[in-house]
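Source file: final25.pdb (PDB, C-alpha atoms)
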ATOM      1  CA  MET A   1       0.000   0.000   0.000
ATOM      2  CA  ASN A   2       2.741   2.373   1.027
ATOM      3  CA  HIS A   3       4.716   1.434  -2.051
ATOM      4  CA  ASP A   4       1.613   1.978  -4.171
ATOM      5  CA  TRP A   5       1.211   5.530  -2.896
ATOM      6  CA  ARG A   6       4.810   6.289  -3.590
ATOM      7  CA  GLU A   7       4.489   4.977  -7.125
ATOM      8  CA  ARG A   8       1.299   6.951  -7.661
ATOM      9  CA  CYS A   9       2.883  10.145  -6.378
ATOM     10  CA  ARG A  10       6.002   9.601  -8.455
ATOM     11  CA  LEU A  11       3.927   9.117 -11.600
ATOM     12  CA  LEU A  12       1.820  12.163 -10.889
ATOM     13  CA  ALA A  13       4.917  14.285 -10.174
ATOM     14  CA  ASP A  14       6.502  13.210 -13.465
ATOM     15  CA  ILE A  15       3.318  13.929 -15.402
ATOM     16  CA  SER A  16       2.899  17.335 -13.741
ATOM     17  CA  ALA A  17       6.475  18.381 -14.481
ATOM     18  CA  LEU A  18       6.382  17.309 -18.136
ATOM     19  CA  ASP A  19       2.926  18.818 -18.615
ATOM     20  CA  PHE A  20       4.075  22.135 -17.154
ATOM     21  CA  ALA A  21       7.237  22.216 -19.276
ATOM     22  CA  ALA A  22       5.174  21.502 -22.406
ATOM     23  CA  LEU A  23       2.766  24.307 -21.485
ATOM     24  CA  GLU A  24       5.647  26.741 -20.950
ATOM     25  CA  LEU A  25       7.054  25.924 -24.382
ATOM     26  CA  THR A  26       3.598  26.254 -25.913
ATOM     27  CA  LEU A  27       3.232  29.793 -24.545
ATOM     28  CA  TYR A  28       6.782  30.633 -25.623
ATOM     29  CA  LEU A  29       6.028  29.427 -29.162
ATOM     30  CA  ASP A  30       3.125  31.874 -29.383
ATOM     31  CA  THR A  31       5.691  34.677 -29.493
ATOM     32  CA  HIS A  32       8.574  32.725 -31.073
ATOM     33  CA  PRO A  33       6.957  30.479 -33.727
ATOM     34  CA  ASP A  34      10.276  29.995 -35.596
ATOM     35  CA  ASP A  35      12.127  28.282 -32.758
ATOM     36  CA  ARG A  36      12.359  24.801 -34.187
ATOM     37  CA  GLY A  37      14.245  23.421 -31.180
ATOM     38  CA  ALA A  38      11.586  24.601 -28.732
ATOM     39  CA  LEU A  39       8.867  23.050 -30.874
ATOM     40  CA  ARG A  40      10.748  19.765 -31.022
ATOM     41  CA  GLN A  41      11.248  19.784 -27.265
ATOM     42  CA  ARG A  42       7.564  20.544 -26.678
ATOM     43  CA  ASN A  43       6.488  17.625 -28.831
ATOM     44  CA  GLU A  44       9.003  15.392 -27.135
ATOM     45  CA  TYR A  45       7.592  16.290 -23.714
ATOM     46  CA  LEU A  46       4.075  15.518 -24.949
ATOM     47  CA  GLN A  47       5.258  12.154 -26.265
ATOM     48  CA  ARG A  48       6.846  11.338 -22.925
ATOM     49  CA  ILE A  49       3.653  12.212 -21.041
ATOM     50  CA  LYS A  50       1.453   9.823 -23.018
ATOM     51  CA  PRO A  51       2.651   6.469 -21.620
ATOM     52  CA  LEU A  52       2.802   7.933 -18.096
ATOM     53  CA  VAL A  53      -0.794   9.113 -18.295
ATOM     54  CA  ARG A  54      -1.859   5.770 -19.716
ATOM     55  CA  LYS A  55      -0.123   3.956 -16.874
ATOM     56  CA  TYR A  56      -1.553   6.291 -14.226
ATOM     57  CA  GLU A  57      -5.121   6.016 -15.490
ATOM     58  CA  GLU A  58      -4.840   2.245 -15.860
ATOM     59  CA  HIS A  59      -3.982   1.899 -12.175
ATOM     60  CA  TYR A  60      -5.642   4.834 -10.449
ATOM     61  CA  GLY A  61      -8.546   6.006 -12.574
ATOM     62  CA  PRO A  62      -9.064   9.033 -14.823
ATOM     63  CA  LEU A  63      -6.680  11.994 -14.472
ATOM     64  CA  THR A  64      -9.052  14.494 -16.004
ATOM     65  CA  MET A  65     -12.807  14.517 -16.339
ATOM     66  CA  VAL A  66     -12.533  14.010 -20.081
ATOM     67  CA  SER A  67     -10.264  10.959 -19.861
ATOM     68  CA  LYS A  68     -11.521   7.611 -21.106
ATOM     69  CA  ALA A  69     -12.840   5.753 -18.050
ATOM     70  CA  ASP A  70     -13.581   2.174 -17.003
ATOM     71  CA  TYR A  71     -16.601   0.832 -15.163
ATOM     72  CA  PRO A  72     -17.438   1.741 -12.451
ATOM     73  CA  TRP A  73     -17.133   5.525 -12.844
ATOM     74  CA  GLN A  74     -14.195   6.565 -10.649
ATOM     75  CA  TRP A  75     -13.667  10.246 -11.351
ATOM     76  CA  ILE A  76     -15.562  11.268  -8.251
ATOM     77  CA  ASP A  77     -13.487   9.004  -5.964
ATOM     78  CA  GLU A  78     -11.043  10.653  -3.597
ATOM     79  CA  PRO A  79      -8.308  11.637  -3.543
ATOM     80  CA  TRP A  80      -8.507  13.909  -6.572
ATOM     81  CA  PRO A  81      -5.205  14.223  -8.372
ATOM     82  CA  TRP A  82      -4.474  17.598  -6.771
ATOM     83  CA  GLU A  83      -5.331  16.284  -3.313
ATOM     84  CA  LEU A  84      -2.587  13.666  -3.227
ATOM     85  CA  ARG A  85      -0.329  14.296  -0.266
ATOM     86  CA  CYS A  86       2.998  13.228  -1.637
ATOM     87  CA  GLY A  87       5.366  15.083   0.668
ATOM     88  CA  GLY A  88       8.997  15.890  -0.060
ATOM     89  CA  GLU A  89      10.224  17.169  -3.370
ATOM     90  CA  ASP A  90       8.166  14.887  -5.574
TER
ATOM     91  CA  MET B  91      11.487  48.720  -8.032
ATOM     92  CA  ILE B  92      12.806  52.159  -8.993
ATOM     93  CA  ILE B  93      10.873  55.244  -8.028
ATOM     94  CA  LEU B  94      11.800  58.287 -10.056
ATOM     95  CA  VAL B  95      11.569  61.468  -8.065
ATOM     96  CA  THR B  96      11.878  64.472 -10.353
ATOM     97  CA  SER B  97       9.825  67.518 -11.099
ATOM     98  CA  ARG B  98       7.481  67.675 -14.024
ATOM     99  CA  SER B  99       8.694  70.154 -16.583
ATOM    100  CA  ASP B 100       6.246  72.536 -18.224
ATOM    101  CA  GLU B 101       6.342  70.476 -21.426
ATOM    102  CA  MET B 102       5.243  67.405 -19.525
ATOM    103  CA  SER B 103       2.529  68.882 -17.441
ATOM    104  CA  GLY B 104       0.174  70.227 -20.059
ATOM    105  CA  GLY B 105      -1.537  72.026 -17.184
ATOM    106  CA  ASP B 106      -4.307  69.459 -16.836
ATOM    107  CA  GLU B 107      -5.732  66.550 -14.829
ATOM    108  CA  LEU B 108      -2.358  65.464 -13.511
ATOM    109  CA  GLU B 109      -2.158  68.673 -11.518
ATOM    110  CA  LEU B 110      -5.450  67.835  -9.812
ATOM    111  CA  CYS B 111      -4.646  64.292  -8.807
ATOM    112  CA  CYS B 112      -1.028  64.305  -7.831
ATOM    113  CA  PRO B 113       1.782  66.239  -6.209
ATOM    114  CA  PRO B 114       4.096  67.950  -8.729
ATOM    115  CA  TRP B 115       6.970  65.472  -8.320
ATOM    116  CA  MET B 116       4.919  62.525  -9.551
ATOM    117  CA  GLN B 117       5.040  61.300 -13.148
ATOM    118  CA  LEU B 118       2.878  58.898 -15.103
ATOM    119  CA  ALA B 119       4.195  55.327 -15.143
ATOM    120  CA  ARG B 120       6.007  54.056 -18.235
ATOM    121  CA  ALA B 121       6.811  50.396 -18.664
ATOM    122  CA  PHE B 122       9.760  49.062 -20.642
ATOM    123  CA  VAL B 123       9.507  45.299 -21.100
ATOM    124  CA  PRO B 124      12.266  43.616 -23.126
ATOM    125  CA  TYR B 125      11.192  40.811 -25.451
ATOM    126  CA  GLN B 126      12.052  37.267 -24.405
ATOM    127  CA  PRO B 127      15.124  36.238 -26.440
ATOM    128  CA  LEU B 128      14.972  33.575 -29.139
ATOM    129  CA  ARG B 129      16.256  30.130 -28.103
ATOM    130  CA  PRO B 130      16.434  30.922 -24.383
ATOM    131  CA  ARG B 131      18.073  28.661 -21.854
ATOM    132  CA  LYS B 132      15.718  26.146 -20.219
ATOM    133  CA  MET B 133      15.797  24.151 -17.018
ATOM    134  CA  ASP B 134      14.722  20.559 -16.616
ATOM    135  CA  ALA B 135      10.998  19.908 -16.211
ATOM    136  CA  LYS B 136      11.161  19.091 -12.478
ATOM    137  CA  SER B 137      12.928  22.345 -11.592
ATOM    138  CA  ALA B 138      10.560  24.263 -13.851
ATOM    139  CA  LEU B 139       7.505  23.017 -11.988
ATOM    140  CA  ARG B 140       9.139  23.844  -8.667
ATOM    141  CA  LYS B 141      10.241  27.320  -9.735
ATOM    142  CA  GLY B 142       7.147  28.268 -11.693
ATOM    143  CA  THR B 143       8.868  28.765 -15.048
ATOM    144  CA  LEU B 144      10.867  26.756 -17.557
ATOM    145  CA  PHE B 145      13.049  29.740 -18.409
ATOM    146  CA  PRO B 146      15.837  30.943 -16.084
ATOM    147  CA  HIS B 147      15.363  34.447 -17.524
ATOM    148  CA  LEU B 148      11.839  34.593 -16.167
ATOM    149  CA  TYR B 149      12.561  33.136 -12.751
ATOM    150  CA  ARG B 150      12.132  35.528  -9.837
ATOM    151  CA  PRO B 151      12.889  34.385  -6.328
ATOM    152  CA  TYR B 152      10.161  36.309  -4.554
ATOM    153  CA  GLU B 153      12.006  37.214  -1.414
ATOM    154  CA  GLN B 154      10.536  36.880   2.029
ATOM    155  CA  ALA B 155      11.684  40.463   2.638
ATOM    156  CA  PHE B 156       8.711  41.882   0.714
ATOM    157  CA  ARG B 157       6.108  39.917   2.675
ATOM    158  CA  HIS B 158       5.258  42.651   5.142
ATOM    159  CA  TYR B 159       4.983  45.210   2.415
ATOM    160  CA  PHE B 160       2.185  43.271   0.733
ATOM    161  CA  TRP B 161       0.438  41.456   3.569
ATOM    162  CA  GLY B 162       1.316  43.415   6.693
ATOM    163  CA  ARG B 163       3.000  42.249   9.873
ATOM    164  CA  ASP B 164       0.643  39.360  10.559
ATOM    165  CA  GLY B 165       1.148  37.688   7.199
ATOM    166  CA  ALA B 166      -2.067  36.415   5.641
TER
END
Could you write out this structure as structure tokens?
Amino acid sequence: MNHDWRERCRLLADISALDFAALELTLYLDTHPDDRGALRQRNEYLQRIKPLVRKYEEHYGPLTMVSKADYPWQWIDEPWPWELRCGGED
Amino acid sequence: MIILVTSRSDEMSGGDELELCCPPWMQLARAFVPYQPLRPRKMDAKSALRKGTLFPHLYRPYEQAFRHYFWGRDGA
């Protein structure tokens, strides 16, 4: 159980970091559309998020309310992704 | 933050609303915001999330020293 929480927190931390970095690059590209390197890095981040999100949702239920979901409906179950108490740096 | 304390010259004043609202040593604010450079340095994703920006140029360590100025002695 303890291990499971740690794994869940680690996954969520990785997803959050990559998602944020991708968002930062997206905003940057609005003003610098010709930066090929930034665009490549953004797409790379998005690629790296995909399997992590898939793994997270497989084990712990939907990450967002528009994610594909299994029966029974779990979105409303606690804790919500932003309520996870992970502690420490991650 | 830099506060410019100078007198308004006659050319600036235009003898109008500014005289009514403010003491003569105050000037209207002017903002100079440099454009973010192309191909800026970036930090790794973990640090970015922790610091609130991916770009070292945009990182500001909001110092504890300014706390009281914004929220008073008791914090908030």
So that each row is one residue of chain A with an atom at most 7 Å from chain B, can you give its shortest atom pair and the distance in Å to one decimal, using all atoms listed in the file, rows by chain and rising number, as a tab-separated table?
residue	atom	partner	partner_atom	distance
A:Ala17	CA	B:Ala135	CA	5.1
A:Leu18	CA	B:Ala135	CA	5.6
A:Phe20	CA	B:Leu139	CA	6.3
A:Ala21	CA	B:Ala135	CA	5.4
A:Glu24	CA	B:Leu144	CA	6.2
A:His32	CA	B:Leu128	CA	6.7
A:Asp35	CA	B:Arg129	CA	6.5
Query raised in the report: Where does the PyMOL selection byres ((chain A and resi 42-50) around 10) land in this file, that is, which residues does it pick, as a ChimeraX atom specification?
Result: /A:11,14-26,29,36-41,51-56 /B:135
Report task. For the structure provided, state which residues fall under the PyMOL selection byres ((chain A and resi 77) around 12), and present them as a ChimeraX atom specification. Result -> /A:60-63,65,72-76,78-81,83
Query raised in the report: What separation in Å, quoted to one decimal, exists between atom CA of Glu58 of chain A and atom CA of Trp5 of chain A?
Result: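 Between atom CA of Glu58 of chain A and atom CA of Trp5 of chain A the gap works out to 14.7 Å.
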Query - atom CA of Arg150 of chain B to atom CA of Gly162 of chain B, straight-line distance in Å - result: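 That distance, rounded to one decimal, is 21.3 Å.
Here atom CA of Tyr28 of chain A and atom CA of His147 of chain B stand 12.4 Å from one another.
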Save segment 34-76 of chain A from what I just supplied, as a compact mmCIF listing (two decimals), in the first residue's frame, atoms limited to N, CA and C atoms.
# COMPACT_ATOMS: atom_id res chain seq x y z
N ASP A 34 9.22 30.54 -34.74
CA ASP A 34 10.28 29.99 -35.60
C ASP A 34 11.34 29.21 -34.84
N ASP A 35 11.14 29.02 -33.54
CA ASP A 35 12.13 28.28 -32.76
C ASP A 35 11.88 26.78 -32.90
N ARG A 36 12.57 26.21 -33.87
CA ARG A 36 12.36 24.80 -34.19
C ARG A 36 12.71 23.89 -33.01
N GLY A 37 13.80 24.23 -32.31
CA GLY A 37 14.24 23.42 -31.18
C GLY A 37 13.21 23.38 -30.07
N ALA A 38 12.60 24.53 -29.79
CA ALA A 38 11.59 24.60 -28.73
C ALA A 38 10.37 23.76 -29.12
N LEU A 39 10.01 23.83 -30.40
CA LEU A 39 8.87 23.05 -30.87
C LEU A 39 9.15 21.55 -30.75
N ARG A 40 10.38 21.16 -31.12
CA ARG A 40 10.75 19.77 -31.02
C ARG A 40 10.69 19.30 -29.56
N GLN A 41 11.22 20.15 -28.68
CA GLN A 41 11.25 19.78 -27.27
C GLN A 41 9.83 19.68 -26.69
N ARG A 42 8.96 20.58 -27.12
CA ARG A 42 7.56 20.54 -26.68
C ARG A 42 6.92 19.22 -27.09
N ASN A 43 7.10 18.86 -28.36
CA ASN A 43 6.49 17.63 -28.83
C ASN A 43 7.07 16.40 -28.14
N GLU A 44 8.36 16.49 -27.83
CA GLU A 44 9.00 15.39 -27.14
C GLU A 44 8.41 15.22 -25.73
N TYR A 45 8.22 16.35 -25.04
CA TYR A 45 7.59 16.29 -23.71
C TYR A 45 6.21 15.64 -23.80
N LEU A 46 5.43 16.07 -24.80
CA LEU A 46 4.08 15.52 -24.95
C LEU A 46 4.12 14.02 -25.21
N GLN A 47 5.11 13.59 -26.00
CA GLN A 47 5.26 12.15 -26.27
C GLN A 47 5.58 11.39 -24.98
N ARG A 48 6.44 12.02 -24.16
CA ARG A 48 6.85 11.34 -22.93
C ARG A 48 5.71 11.27 -21.91
N ILE A 49 4.78 12.21 -21.98
CA ILE A 49 3.65 12.21 -21.04
C ILE A 49 2.70 11.06 -21.32
N LYS A 50 2.49 10.78 -22.61
CA LYS A 50 1.45 9.82 -23.02
C LYS A 50 1.49 8.49 -22.26
N PRO A 51 2.65 7.78 -22.31
CA PRO A 51 2.65 6.47 -21.62
C PRO A 51 2.48 6.61 -20.11
N LEU A 52 2.95 7.73 -19.54
CA LEU A 52 2.80 7.93 -18.10
C LEU A 52 1.33 8.11 -17.73
N VAL A 53 0.63 8.89 -18.54
CA VAL A 53 -0.79 9.11 -18.30
C VAL A 53 -1.56 7.79 -18.44
N ARG A 54 -1.18 7.05 -19.49
CA ARG A 54 -1.86 5.77 -19.72
C ARG A 54 -1.67 4.86 -18.50
N LYS A 55 -0.42 4.81 -18.01
CA LYS A 55 -0.12 3.96 -16.87
C LYS A 55 -0.88 4.43 -15.62
N TYR A 56 -0.88 5.74 -15.41
CA TYR A 56 -1.55 6.29 -14.23
C TYR A 56 -3.04 5.95 -14.26
N GLU A 57 -3.67 6.20 -15.41
CA GLU A 57 -5.12 6.02 -15.49
C GLU A 57 -5.50 4.54 -15.42
N GLU A 58 -4.63 3.69 -15.94
CA GLU A 58 -4.84 2.24 -15.86
C GLU A 58 -4.94 1.81 -14.40
N HIS A 59 -4.07 2.34 -13.57
CA HIS A 59 -3.98 1.90 -12.17
C HIS A 59 -4.87 2.69 -11.23
N TYR A 60 -5.03 3.98 -11.49
CA TYR A 60 -5.64 4.83 -10.45
C TYR A 60 -6.88 5.59 -10.91
N GLY A 61 -7.35 5.32 -12.11
CA GLY A 61 -8.55 6.01 -12.57
C GLY A 61 -8.22 7.26 -13.36
N PRO A 62 -9.26 7.91 -13.90
CA PRO A 62 -9.06 9.03 -14.82
C PRO A 62 -8.34 10.22 -14.17
N LEU A 63 -7.44 10.84 -14.95
CA LEU A 63 -6.68 11.99 -14.47
C LEU A 63 -7.43 13.29 -14.70
N THR A 64 -8.24 13.31 -15.74
CA THR A 64 -9.05 14.49 -16.00
C THR A 64 -10.48 14.01 -16.26
N MET A 65 -11.41 14.95 -16.19
CA MET A 65 -12.81 14.52 -16.34
C MET A 65 -13.16 14.15 -17.78
N VAL A 66 -12.25 14.41 -18.71
CA VAL A 66 -12.53 14.01 -20.08
C VAL A 66 -11.70 12.80 -20.50
N SER A 67 -11.01 12.17 -19.54
CA SER A 67 -10.26 10.96 -19.86
C SER A 67 -11.22 9.80 -20.11
N LYS A 68 -10.78 8.85 -20.93
CA LYS A 68 -11.52 7.61 -21.11
C LYS A 68 -11.56 6.91 -19.75
N ALA A 69 -12.71 6.33 -19.40
CA ALA A 69 -12.84 5.75 -18.05
C ALA A 69 -13.43 4.35 -18.09
N ASP A 70 -13.04 3.53 -17.12
CA ASP A 70 -13.58 2.17 -17.00
C ASP A 70 -14.74 2.15 -16.01
N TYR A 71 -15.52 1.05 -16.11
CA TYR A 71 -16.60 0.83 -15.16
C TYR A 71 -16.04 0.29 -13.85
N PRO A 72 -16.47 0.68 -12.66
CA PRO A 72 -17.44 1.74 -12.45
C PRO A 72 -16.79 3.13 -12.54
N TRP A 73 -17.60 4.13 -12.74
CA TRP A 73 -17.13 5.52 -12.84
C TRP A 73 -16.34 5.92 -11.60
N GLN A 74 -15.06 6.33 -11.81
CA GLN A 74 -14.19 6.56 -10.65
C GLN A 74 -13.79 8.02 -10.45
N TRP A 75 -14.17 8.86 -11.40
CA TRP A 75 -13.67 10.25 -11.35
C TRP A 75 -13.97 10.91 -10.01
N ILE A 76 -15.12 10.58 -9.46
CA ILE A 76 -15.56 11.27 -8.25
C ILE A 76 -14.87 10.73 -6.99
